[in-house]
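Reproduced below: target_19.cif, with mmCIF, C-alpha atoms.
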```cif
data_start
loop_
_atom_site.group_PDB
_atom_site.id
_atom_site.type_symbol
_atom_site.label_atom_id
_atom_site.label_comp_id
_atom_site.auth_asym_id
_atom_site.auth_seq_id
_atom_site.Cartn_x
_atom_site.Cartn_y
_atom_site.Cartn_z
ATOM 1 C CA LEU A 1 66.621 114.413 95.788
ATOM 2 C CA GLN A 2 66.369 111.381 98.064
ATOM 3 C CA GLN A 3 69.034 109.593 96.018
ATOM 4 C CA ILE A 4 71.350 112.597 96.258
ATOM 5 C CA TYR A 5 70.925 112.861 100.035
ATOM 6 C CA LYS A 6 71.345 109.109 100.520
ATOM 7 C CA LEU A 7 74.534 109.059 98.426
ATOM 8 C CA VAL A 8 76.068 112.175 99.996
ATOM 9 C CA ALA A 9 75.276 110.939 103.517
ATOM 10 C CA ALA A 10 76.878 107.529 102.880
ATOM 11 C CA MET A 11 80.013 109.024 101.324
ATOM 12 C CA ASP A 12 80.304 111.746 103.965
ATOM 13 C CA SER A 13 80.032 109.279 106.861
ATOM 14 C CA SER A 14 82.655 107.038 105.200
ATOM 15 C CA GLY A 15 85.273 109.793 105.054
ATOM 16 C CA ILE A 16 84.892 110.357 101.310
ATOM 17 C CA ARG A 17 85.522 113.965 100.284
ATOM 18 C CA VAL A 18 82.217 114.615 98.529
ATOM 19 C CA HIS A 19 82.063 117.314 95.865
ATOM 20 C CA ARG A 20 79.661 118.408 93.176
ATOM 21 C CA GLN A 21 81.363 116.746 90.180
ATOM 22 C CA LEU A 22 81.680 113.418 91.996
ATOM 23 C CA VAL A 23 77.937 113.343 92.719
ATOM 24 C CA ILE A 24 77.166 114.234 89.092
ATOM 25 C CA ARG A 25 79.407 111.398 87.879
ATOM 26 C CA LEU A 26 77.985 108.808 90.265
ATOM 27 C CA LEU A 27 74.298 109.594 89.723
ATOM 28 C CA GLY A 28 74.483 110.734 86.105
ATOM 29 C CA ILE A 29 72.384 113.817 86.824
ATOM 30 C CA PRO A 30 72.585 116.818 84.454
ATOM 31 C CA SER A 31 74.781 119.641 85.738
ATOM 32 C CA ASP A 32 72.002 122.218 85.249
ATOM 33 C CA PHE A 33 69.923 120.280 87.806
ATOM 34 C CA VAL A 34 72.441 120.896 90.591
ATOM 35 C CA SER A 35 71.381 124.420 91.583
ATOM 36 C CA SER A 36 67.707 123.524 91.962
ATOM 37 C CA ALA A 37 68.648 120.320 93.824
ATOM 38 C CA LEU A 38 70.719 122.282 96.332
ATOM 39 C CA THR A 39 67.871 124.743 96.783
ATOM 40 C CA ASN A 40 65.497 121.886 97.594
ATOM 41 C CA LEU A 41 68.099 120.354 99.919
ATOM 42 C CA THR A 42 68.719 123.550 101.888
ATOM 43 C CA ASP A 43 69.497 122.790 105.575
ATOM 44 C CA ILE A 44 70.144 119.162 104.564
ATOM 45 C CA ILE A 45 73.207 119.420 102.325
ATOM 46 C CA HIS A 46 75.670 122.281 102.621
ATOM 47 C CA GLU A 47 77.874 123.331 99.669
ATOM 48 C CA TYR A 48 81.201 125.079 100.290
ATOM 49 C CA PRO A 49 83.980 126.280 97.953
ATOM 50 C CA ILE A 50 87.151 124.194 97.584
ATOM 51 C CA ASP A 51 88.707 125.564 94.404
ATOM 52 C CA THR A 52 86.535 128.181 92.737
ATOM 53 C CA ARG A 53 88.935 128.583 89.795
ATOM 54 C CA GLN A 54 88.454 124.934 88.852
ATOM 55 C CA GLY A 55 84.805 124.972 89.880
ATOM 56 C CA VAL A 56 85.253 122.440 92.694
ATOM 57 C CA TYR A 57 82.641 122.738 95.449
ATOM 58 C CA GLY A 58 82.358 120.357 98.376
ATOM 59 C CA TRP A 59 79.119 118.893 99.673
ATOM 60 C CA LYS A 60 78.530 117.922 103.268
ATOM 61 C CA GLY A 61 75.626 116.761 105.395
ATOM 62 C CA ARG A 62 74.580 119.284 108.012
ATOM 63 C CA HIS A 63 75.051 116.928 110.956
ATOM 64 C CA GLY A 64 77.584 114.095 111.202
ATOM 65 C CA VAL A 65 75.499 111.965 113.572
ATOM 66 C CA ILE A 66 72.437 112.172 111.312
ATOM 67 C CA VAL A 67 74.331 111.161 108.150
ATOM 68 C CA GLY A 68 75.823 108.245 110.097
ATOM 69 C CA ILE A 69 72.373 107.028 111.186
ATOM 70 C CA LEU A 70 70.985 107.486 107.671
ATOM 71 C CA THR A 71 73.829 105.438 106.183
ATOM 72 C CA LYS A 72 73.272 102.656 108.715
ATOM 73 C CA TYR A 73 69.636 102.255 107.641
ATOM 74 C CA LYS A 74 69.914 103.026 103.923
ATOM 75 C CA TYR A 75 72.950 100.760 103.406
ATOM 76 C CA PRO A 76 72.210 97.880 105.797
ATOM 77 C CA GLN A 77 74.047 95.232 103.749
ATOM 78 C CA VAL A 78 77.832 95.243 103.452
ATOM 79 C CA GLU A 79 77.457 94.445 99.737
ATOM 80 C CA GLU A 80 75.800 97.834 99.235
ATOM 81 C CA ILE A 81 78.726 99.643 100.896
ATOM 82 C CA VAL A 82 81.198 97.628 98.793
ATOM 83 C CA ASP A 83 79.276 98.550 95.639
ATOM 84 C CA LEU A 84 79.305 102.227 96.628
ATOM 85 C CA PHE A 85 83.055 102.194 97.322
ATOM 86 C CA GLU A 86 83.723 100.449 93.986
ATOM 87 C CA LYS A 87 81.732 103.071 92.106
ATOM 88 C CA VAL A 88 83.541 105.890 93.917
ATOM 89 C CA ILE A 89 86.974 104.375 93.202
ATOM 90 C CA ASP A 90 86.117 103.749 89.553
ATOM 91 C CA SER A 91 84.975 107.351 89.118
ATOM 92 C CA ILE A 92 87.946 108.990 90.874
ATOM 93 C CA SER A 93 90.078 111.394 88.871
ATOM 94 C CA PRO A 94 93.573 111.542 90.442
ATOM 95 C CA THR A 95 94.156 115.010 88.969
ATOM 96 C CA TYR A 96 91.862 116.455 91.648
ATOM 97 C CA ASP A 97 93.551 116.859 95.034
ATOM 98 C CA ILE A 98 90.222 116.345 96.797
ATOM 99 C CA GLU A 99 89.822 112.925 95.148
ATOM 100 C CA ILE A 100 93.328 111.835 96.142
ATOM 101 C CA ARG A 101 92.323 112.766 99.690
ATOM 102 C CA THR A 102 89.259 110.543 99.245
ATOM 103 C CA ILE A 103 91.556 107.586 98.534
ATOM 104 C CA ARG A 104 93.496 108.313 101.716
ATOM 105 C CA GLU A 105 90.343 108.649 103.793
ATOM 106 C CA LEU A 106 88.953 105.362 102.467
ATOM 107 C CA CYS A 107 92.132 103.729 103.808
ATOM 108 C CA ASN A 108 91.575 105.256 107.252
ATOM 109 C CA LEU A 109 91.521 102.642 110.023
ATOM 110 C CA GLU A 110 88.484 104.276 111.652
ATOM 111 C CA THR A 111 86.180 104.812 108.649
ATOM 112 C CA GLY A 112 86.015 103.801 105.001
ATOM 113 C CA LEU A 113 87.194 100.265 104.258
ATOM 114 C CA SER A 114 87.129 99.394 107.971
ATOM 115 C CA ARG A 115 83.350 99.037 107.591
ATOM 116 C CA ILE A 116 84.040 95.904 105.523
ATOM 117 C CA ASN A 117 85.016 92.973 107.753
ATOM 118 C CA ASP A 118 86.234 90.762 104.913
ATOM 119 C CA THR A 119 89.911 91.669 104.479
ATOM 120 C CA SER A 120 90.091 90.015 101.051
ATOM 121 C CA ILE A 121 87.398 92.420 99.803
ATOM 122 C CA GLN A 122 89.331 95.309 101.332
ATOM 123 C CA ASN A 123 92.432 94.150 99.466
ATOM 124 C CA ARG A 124 90.559 93.992 96.162
ATOM 125 C CA LEU A 125 89.387 97.576 96.635
ATOM 126 C CA LEU A 126 92.884 98.671 97.667
ATOM 127 C CA ARG A 127 94.313 97.194 94.466
ATOM 128 C CA LYS A 128 91.688 99.114 92.481
ATOM 129 C CA MET A 129 92.842 102.304 94.222
ATOM 130 C CA MET A 130 96.465 101.476 93.416
ATOM 131 C CA SER A 131 95.534 100.984 89.773
ATOM 132 C CA ARG A 132 93.545 104.226 89.707
ATOM 133 C CA ALA A 133 96.210 106.319 91.473
ATOM 134 C CA PRO A 134 99.580 104.504 91.110
ATOM 135 C CA ALA A 135 101.551 107.328 92.724
ATOM 136 C CA GLU A 136 99.522 107.233 95.936
ATOM 137 C CA ARG A 137 101.289 105.497 98.830
ATOM 138 C CA VAL A 138 98.544 105.068 101.423
ATOM 139 C CA PRO A 139 96.609 102.199 99.720
ATOM 140 C CA ARG A 140 99.890 100.286 99.374
ATOM 141 C CA HIS A 141 100.612 100.781 103.076
ATOM 142 C CA ARG A 142 97.147 99.500 103.975
ATOM 143 C CA LEU A 143 97.446 96.485 101.648
ATOM 144 C CA ILE A 144 100.765 95.449 103.223
ATOM 145 C CA ARG A 145 99.271 95.843 106.692
ATOM 146 C CA ASN A 146 96.292 93.667 105.741
ATOM 147 C CA LEU A 147 98.471 90.933 104.249
ATOM 148 C CA ILE A 148 100.533 90.745 107.451
ATOM 149 C CA LYS A 149 97.349 90.584 109.517
ATOM 150 C CA MET A 150 96.075 87.730 107.306
ATOM 151 C CA GLY A 151 99.316 85.771 107.732
ATOM 152 C CA GLU A 152 100.177 86.185 104.038
ATOM 153 C CA PHE A 153 103.805 86.934 104.863
ATOM 154 C CA GLU A 154 105.330 86.112 101.474
ATOM 155 C CA LYS A 155 102.775 88.280 99.678
ATOM 156 C CA ALA A 156 103.384 91.093 102.178
ATOM 157 C CA GLU A 157 107.136 90.907 101.618
ATOM 158 C CA ALA A 158 106.597 90.909 97.846
ATOM 159 C CA GLU A 159 104.460 94.064 98.145
ATOM 160 C CA ILE A 160 107.137 95.663 100.339
ATOM 161 C CA ARG A 161 109.778 94.934 97.687
ATOM 162 C CA ILE A 162 107.586 96.418 94.948
ATOM 163 C CA TYR A 163 106.899 99.470 97.108
ATOM 164 C CA GLU A 164 110.583 100.053 97.854
ATOM 165 C CA LYS A 165 111.419 99.689 94.155
ATOM 166 C CA ASP A 166 108.782 102.300 93.232
ATOM 167 C CA PHE A 167 109.107 104.736 96.141
ATOM 168 C CA GLY A 168 112.262 103.886 98.066
ATOM 169 C CA HIS A 169 112.222 103.555 101.858
ATOM 170 C CA ASP A 170 109.801 105.379 104.130
ATOM 171 C CA ALA A 171 108.993 104.959 107.810
ATOM 172 C CA PRO A 172 105.669 103.076 107.474
ATOM 173 C CA VAL A 173 107.056 100.441 105.110
ATOM 174 C CA VAL A 174 110.219 100.009 107.187
ATOM 175 C CA ARG A 175 107.941 99.387 110.182
ATOM 176 C CA TYR A 176 105.818 96.914 108.208
ATOM 177 C CA ARG A 177 108.974 94.996 107.264
ATOM 178 C CA ILE A 178 109.810 94.710 110.992
ATOM 179 C CA ASN A 179 106.234 93.733 111.885
ATOM 180 C CA CYS A 180 106.168 91.146 109.107
ATOM 181 C CA ALA A 181 109.329 89.517 110.455
ATOM 182 C CA ILE A 182 107.897 89.460 113.993
ATOM 183 C CA ALA A 183 104.661 87.889 112.739
ATOM 184 C CA ARG A 184 106.565 85.288 110.692
ATOM 185 C CA ALA A 185 108.606 84.337 113.753
ATOM 186 C CA MET A 186 105.513 84.063 115.946
ATOM 187 C CA TYR A 187 102.960 82.437 113.659
ATOM 188 C CA SER A 188 104.716 80.522 110.866
ATOM 189 C CA LYS A 189 103.843 76.831 111.102
ATOM 190 C CA GLY A 190 106.297 73.971 110.952
ATOM 191 C CA ILE A 191 109.542 75.812 111.733
ATOM 192 C CA LEU A 192 111.947 75.222 114.599
ATOM 193 C CA ASP A 193 112.540 77.626 117.476
ATOM 194 C CA GLU A 194 116.046 78.279 116.176
ATOM 195 C CA ASP A 195 114.501 79.462 112.893
ATOM 196 C CA ARG A 196 112.111 81.736 114.787
ATOM 197 C CA ILE A 197 115.039 83.218 116.705
ATOM 198 C CA ALA A 198 116.971 83.748 113.451
ATOM 199 C CA ILE A 199 113.997 85.636 111.967
ATOM 200 C CA LEU A 200 113.715 87.756 115.131
ATOM 201 C CA MET A 201 117.418 88.548 114.889
ATOM 202 C CA GLN A 202 116.819 89.851 111.375
ATOM 203 C CA ALA A 203 113.946 91.921 112.760
ATOM 204 C CA ARG A 204 116.276 93.195 115.485
ATOM 205 C CA ASP A 205 118.832 94.381 112.922
ATOM 206 C CA ALA A 206 116.150 96.084 110.835
ATOM 207 C CA ALA A 207 114.560 97.699 113.920
ATOM 208 C CA SER A 208 117.884 98.920 115.288
ATOM 209 C CA ALA A 209 118.776 100.556 111.970
ATOM 210 C CA ALA A 210 115.280 102.048 111.647
ATOM 211 C CA ALA A 211 115.413 103.437 115.211
ATOM 212 C CA ARG A 212 118.616 105.299 114.335
ATOM 213 C CA ARG A 213 117.207 106.613 111.065
ATOM 214 C CA TYR A 214 113.736 107.498 112.394
ATOM 215 C CA SER A 215 114.627 108.290 116.005
ATOM 216 C CA ASP A 216 111.448 110.324 116.587
ATOM 217 C CA ASN A 217 109.053 107.819 115.044
ATOM 218 C CA LYS A 218 107.150 106.335 117.975
ATOM 219 C CA LEU A 219 105.658 103.438 115.983
ATOM 220 C CA ILE A 220 109.066 102.248 114.800
ATOM 221 C CA LEU A 221 110.405 102.491 118.351
ATOM 222 C CA ALA A 222 107.394 100.513 119.580
ATOM 223 C CA ALA A 223 108.064 97.843 116.932
ATOM 224 C CA TYR A 224 111.670 97.684 118.194
ATOM 225 C CA CYS A 225 110.354 97.065 121.721
ATOM 226 C CA GLU A 226 108.093 94.310 120.379
ATOM 227 C CA VAL A 227 111.139 92.598 118.865
ATOM 228 C CA GLY A 228 112.793 92.806 122.296
ATOM 229 C CA VAL A 229 109.780 91.227 124.010
ATOM 230 C CA GLN A 230 109.589 88.368 121.504
ATOM 231 C CA LEU A 231 113.329 87.696 121.712
ATOM 232 C CA PHE A 232 113.077 87.557 125.507
ATOM 233 C CA ARG A 233 110.299 84.992 125.155
ATOM 234 C CA LYS A 234 112.506 82.810 122.955
ATOM 235 C CA THR A 235 115.950 83.335 124.520
ATOM 236 C CA GLY A 236 115.459 84.768 128.018
ATOM 237 C CA GLU A 237 117.808 87.633 127.093
ATOM 238 C CA PHE A 238 116.922 91.261 127.875
ATOM 239 C CA ASP A 239 119.609 92.957 125.739
ATOM 240 C CA VAL A 240 117.440 93.924 122.748
ATOM 241 C CA TYR A 241 114.494 94.930 124.922
ATOM 242 C CA ASP A 242 116.719 97.106 127.137
ATOM 243 C CA GLN A 243 118.213 98.914 124.135
ATOM 244 C CA ALA A 244 114.807 99.444 122.536
ATOM 245 C CA MET A 245 113.316 100.786 125.783
ATOM 246 C CA LYS A 246 116.287 103.089 126.233
ATOM 247 C CA GLU A 247 115.640 104.644 122.826
ATOM 248 C CA LEU A 248 111.884 104.823 123.432
ATOM 249 C CA LYS A 249 112.396 106.643 126.760
ATOM 250 C CA GLN A 250 114.867 109.055 125.170
ATOM 251 C CA ALA A 251 112.230 109.884 122.556
ATOM 252 C CA GLU A 252 109.673 110.334 125.360
ATOM 253 C CA VAL A 253 111.863 113.019 126.968
ATOM 254 C CA ARG A 254 112.772 114.599 123.640
ATOM 255 C CA ILE A 255 109.281 114.754 122.120
ATOM 256 C CA GLY A 256 106.898 114.756 125.090
ATOM 257 C CA ASP A 257 104.215 112.787 123.227
ATOM 258 C CA PRO A 258 101.795 111.151 125.697
ATOM 259 C CA GLN A 259 101.375 108.173 123.359
ATOM 260 C CA ILE A 260 105.076 107.403 123.785
ATOM 261 C CA THR A 261 104.524 107.390 127.549
ATOM 262 C CA ALA A 262 101.673 104.935 126.967
ATOM 263 C CA PHE A 263 104.009 102.736 124.891
ATOM 264 C CA VAL A 264 106.633 102.809 127.677
ATOM 265 C CA ARG A 265 104.024 101.666 130.197
ATOM 266 C CA LYS A 266 102.669 99.015 127.827
ATOM 267 C CA TYR A 267 106.036 97.393 127.136
ATOM 268 C CA GLU A 268 107.161 97.583 130.774
ATOM 269 C CA GLN A 269 103.995 95.682 131.679
ATOM 270 C CA ARG A 270 104.521 93.239 128.797
ATOM 271 C CA ILE A 271 108.074 92.364 129.797
ATOM 272 C CA SER A 272 107.136 92.155 133.499
ATOM 273 C CA GLY A 273 104.400 89.657 132.673
ATOM 274 C CA GLN A 274 106.725 87.614 130.460
ATOM 275 C CA ALA A 275 109.514 87.626 133.061
ATOM 276 C CA LEU A 276 107.113 86.593 135.826
ATOM 277 C CA HIS A 277 105.767 83.754 133.689
ATOM 278 C CA ALA A 278 109.310 82.557 132.928
ATOM 279 C CA LEU A 279 110.160 82.631 136.640
ATOM 280 C CA GLU A 280 107.046 80.625 137.544
ATOM 281 C CA VAL A 281 107.865 78.007 134.891
ATOM 282 C CA SER A 282 111.442 77.769 136.176
ATOM 283 C CA GLU A 283 110.260 77.266 139.769
ATOM 284 C CA GLU A 284 107.816 74.563 138.680
ATOM 285 C CA GLU A 285 110.618 72.736 136.876
#
```

Render the structure in this file as structure tokens.
Amino acid sequence: LQQIYKLVAAMDSSGIRVHRQLVIRLLGIPSDFVSSALTNLTDIIHEYPIDTRQGVYGWKGRHGVIVGILTKYKYPQVEEIVDLFEKVIDSISPTYDIEIRTIRELCNLETGLSRINDTSIQNRLLRKMMSRAPAERVPRHRLIRNLIKMGEFEKAEAEIRIYEKDFGHDAPVVRYRINCAIARAMYSKGILDEDRIAILMQARDAASAAARRYSDNKLILAAYCEVGVQLFRKTGEFDVYDQAMKELKQAEVRIGDPQITAFVRKYEQRISGQALHALEVSEEE
């Protein structure tokens, strides 16, 4: 009973969609033990129906804060969390919708794999998810994001090409292509400024096309603004930034999303700071 509660609490607090069959698989307990276990765990673990025709019943801890505290003390080492995630991924059956949702939740930036600081370990687990559920897009998105963050630009671009071959274009991957180009221009070692500008120009073209295609996608519009800021830093020209901000503000009026308003404020402050710095440098010269 302690093992069941410990396992359910850890999975629940990590965003994993816990259900009866998953627990049986992971712990190897006999199915006829489940009813008596739930009786003994009354007021600790709650069972609820998900798909009664297929016999899928979810399990959840009674209180989110308590399961979070329990997980913290019962899985104090990151290796234990990694081992748990590996076992969950290995046991996932992609024919169950609830288990596909588990894959997506493990990729969540707030829970799941985010508990593991080592990005290379995250990537290994993401590749296991991709192997287990090849048709699922979210682990591929997260892997590309991680590779960009790690500065593995060539690997990120290779994963983007594979993704586009398998799934075609979608907004997240188009945005990652833009972000990858920005990161290459900013952080690649041993290249000239003219090369950085050329890469940013490619990012500009991709961002402009994406902004037309996904005109209501705030993250793509924000990436477009980032291209504008970086081009201003390298060239002193406002043209790309002005066009990107124009499209972002049009989306703000059209959609009314407060996060877009936050993006407008953020990039206005960014460009003001950059312009002020450029002016101060010019005056010093």

(Q) Using the chain letters and numbers from this file, what does the PyMOL selection byres ((chain A and resi 144) around 12) select? Give the answer as a VMD selection string. (A) chain A and resid 107 119 122 to 123 126 to 127 137 to 143 145 to 163 172 to 180

Q: Can you work out the spacing between CA of Glu237 (chain A) and CA of Gly273 (chain A) in Å, to one decimal?
A: 14.7 Å

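Protein, DNA and RNA residues at most 10 Å from (75.8, 120.2, 104.2), with all atoms listed in the file, are these: A:Tyr5, A:Val8, A:Ala9, A:Asp12, A:Leu38, A:Leu41, A:Thr42, A:Asp43, A:Ile44, A:Ile45, A:His46, A:Glu47, A:Tyr48, A:Gly58, A:Trp59, A:Lys60, A:Gly61, A:Arg62, A:His63, A:Gly64, A:Val67.
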
Q | Within 10 Å of file point (113.8, 90.6, 125.9), counting all atoms listed in the file, expressed as a PyMOL selection string | A | chain A and resi 225-244+271+274-275

Once you have the residues from the selection above, write them out as an mmCIF file, in the frame of the given file, restricted to C-alpha atoms.
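The result, written out as out-v2.cif:
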```cif
data_model
loop_
_atom_site.group_PDB
_atom_site.id
_atom_site.type_symbol
_atom_site.label_atom_id
_atom_site.label_comp_id
_atom_site.auth_asym_id
_atom_site.auth_seq_id
_atom_site.Cartn_x
_atom_site.Cartn_y
_atom_site.Cartn_z
ATOM 1 C CA CYS A 225 110.354 97.065 121.721
ATOM 2 C CA GLU A 226 108.093 94.310 120.379
ATOM 3 C CA VAL A 227 111.139 92.598 118.865
ATOM 4 C CA GLY A 228 112.793 92.806 122.296
ATOM 5 C CA VAL A 229 109.780 91.227 124.010
ATOM 6 C CA GLN A 230 109.589 88.368 121.504
ATOM 7 C CA LEU A 231 113.329 87.696 121.712
ATOM 8 C CA PHE A 232 113.077 87.557 125.507
ATOM 9 C CA ARG A 233 110.299 84.992 125.155
ATOM 10 C CA LYS A 234 112.506 82.810 122.955
ATOM 11 C CA THR A 235 115.950 83.335 124.520
ATOM 12 C CA GLY A 236 115.459 84.768 128.018
ATOM 13 C CA GLU A 237 117.808 87.633 127.093
ATOM 14 C CA PHE A 238 116.922 91.261 127.875
ATOM 15 C CA ASP A 239 119.609 92.957 125.739
ATOM 16 C CA VAL A 240 117.440 93.924 122.748
ATOM 17 C CA TYR A 241 114.494 94.930 124.922
ATOM 18 C CA ASP A 242 116.719 97.106 127.137
ATOM 19 C CA GLN A 243 118.213 98.914 124.135
ATOM 20 C CA ALA A 244 114.807 99.444 122.536
ATOM 21 C CA ILE A 271 108.074 92.364 129.797
ATOM 22 C CA GLN A 274 106.725 87.614 130.460
ATOM 23 C CA ALA A 275 109.514 87.626 133.061
#
```

Q | Chain and number of each residue from the PyMOL selection byres ((chain A and resi 199-211) around 7), as number ranges by chain | A | A: 178, 181-182, 185, 195-198, 212-215, 220-221, 224, 227, 231

Q: Name the residues that the PyMOL selection byres ((chain A and resi 26) around 9) pulls out of this structure, and write them as a list in words.
A: Leu7, Gln21, Leu22, Val23, Ile24, Arg25, Leu27, Gly28, Ile29, Lys87, Val88 and Ser91 of chain A

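Taking CA of Glu252 (chain A) and CA of Ala223 (chain A) as the two end points, the separation is 15.2 Å.
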
Q.
What's the separation between CA of Ser131 (chain A) and CA of Lys72 (chain A), in Å to one decimal place?
A. 29.3 Å

Q.
My list of candidates is A:Ile69, A:Ile98, A:Val253, A:Val264. Which is closest to Ile50 (chain A) when distances are computed with all atoms listed in the file?
A. A:Ile98

Around all of region 218-231 of chain A's listed atoms, make the axis-aligned box with 3 Å on each side and tell me centre and edge lengths in Å to one decimal, as AutoDock Vina command-line options.
```
--center_x 109.5 --center_y 97.0 --center_z 119.4 --size_x 13.7 --size_y 24.6 --size_z 15.2
```

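Closest to Phe263 (chain A) among A:Gln250, A:Met245, A:Asp118, A:Gly168 is A:Met245, based on all atoms listed in the file.
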
Q: Identify which of the residues A:Val65, A:Gly15, A:Lys6, A:Gln259 lies closest to Leu109 (chain A), counting all atoms listed in the file when measuring atom-to-atom distances.
A: A:Gly15

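Take the candidates A:Pro94, A:Pro76, A:Gly112, A:Pro30 and check each one against Ile16 (chain A) using all atoms listed in the file; the shortest distance goes to A:Gly112.
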
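For the set A:Lys218, A:Arg53, A:Lys128, A:His19, the residue with the smallest atom-to-atom gap to Ile103 (chain A) is A:Lys128, counting all atoms listed in the file.
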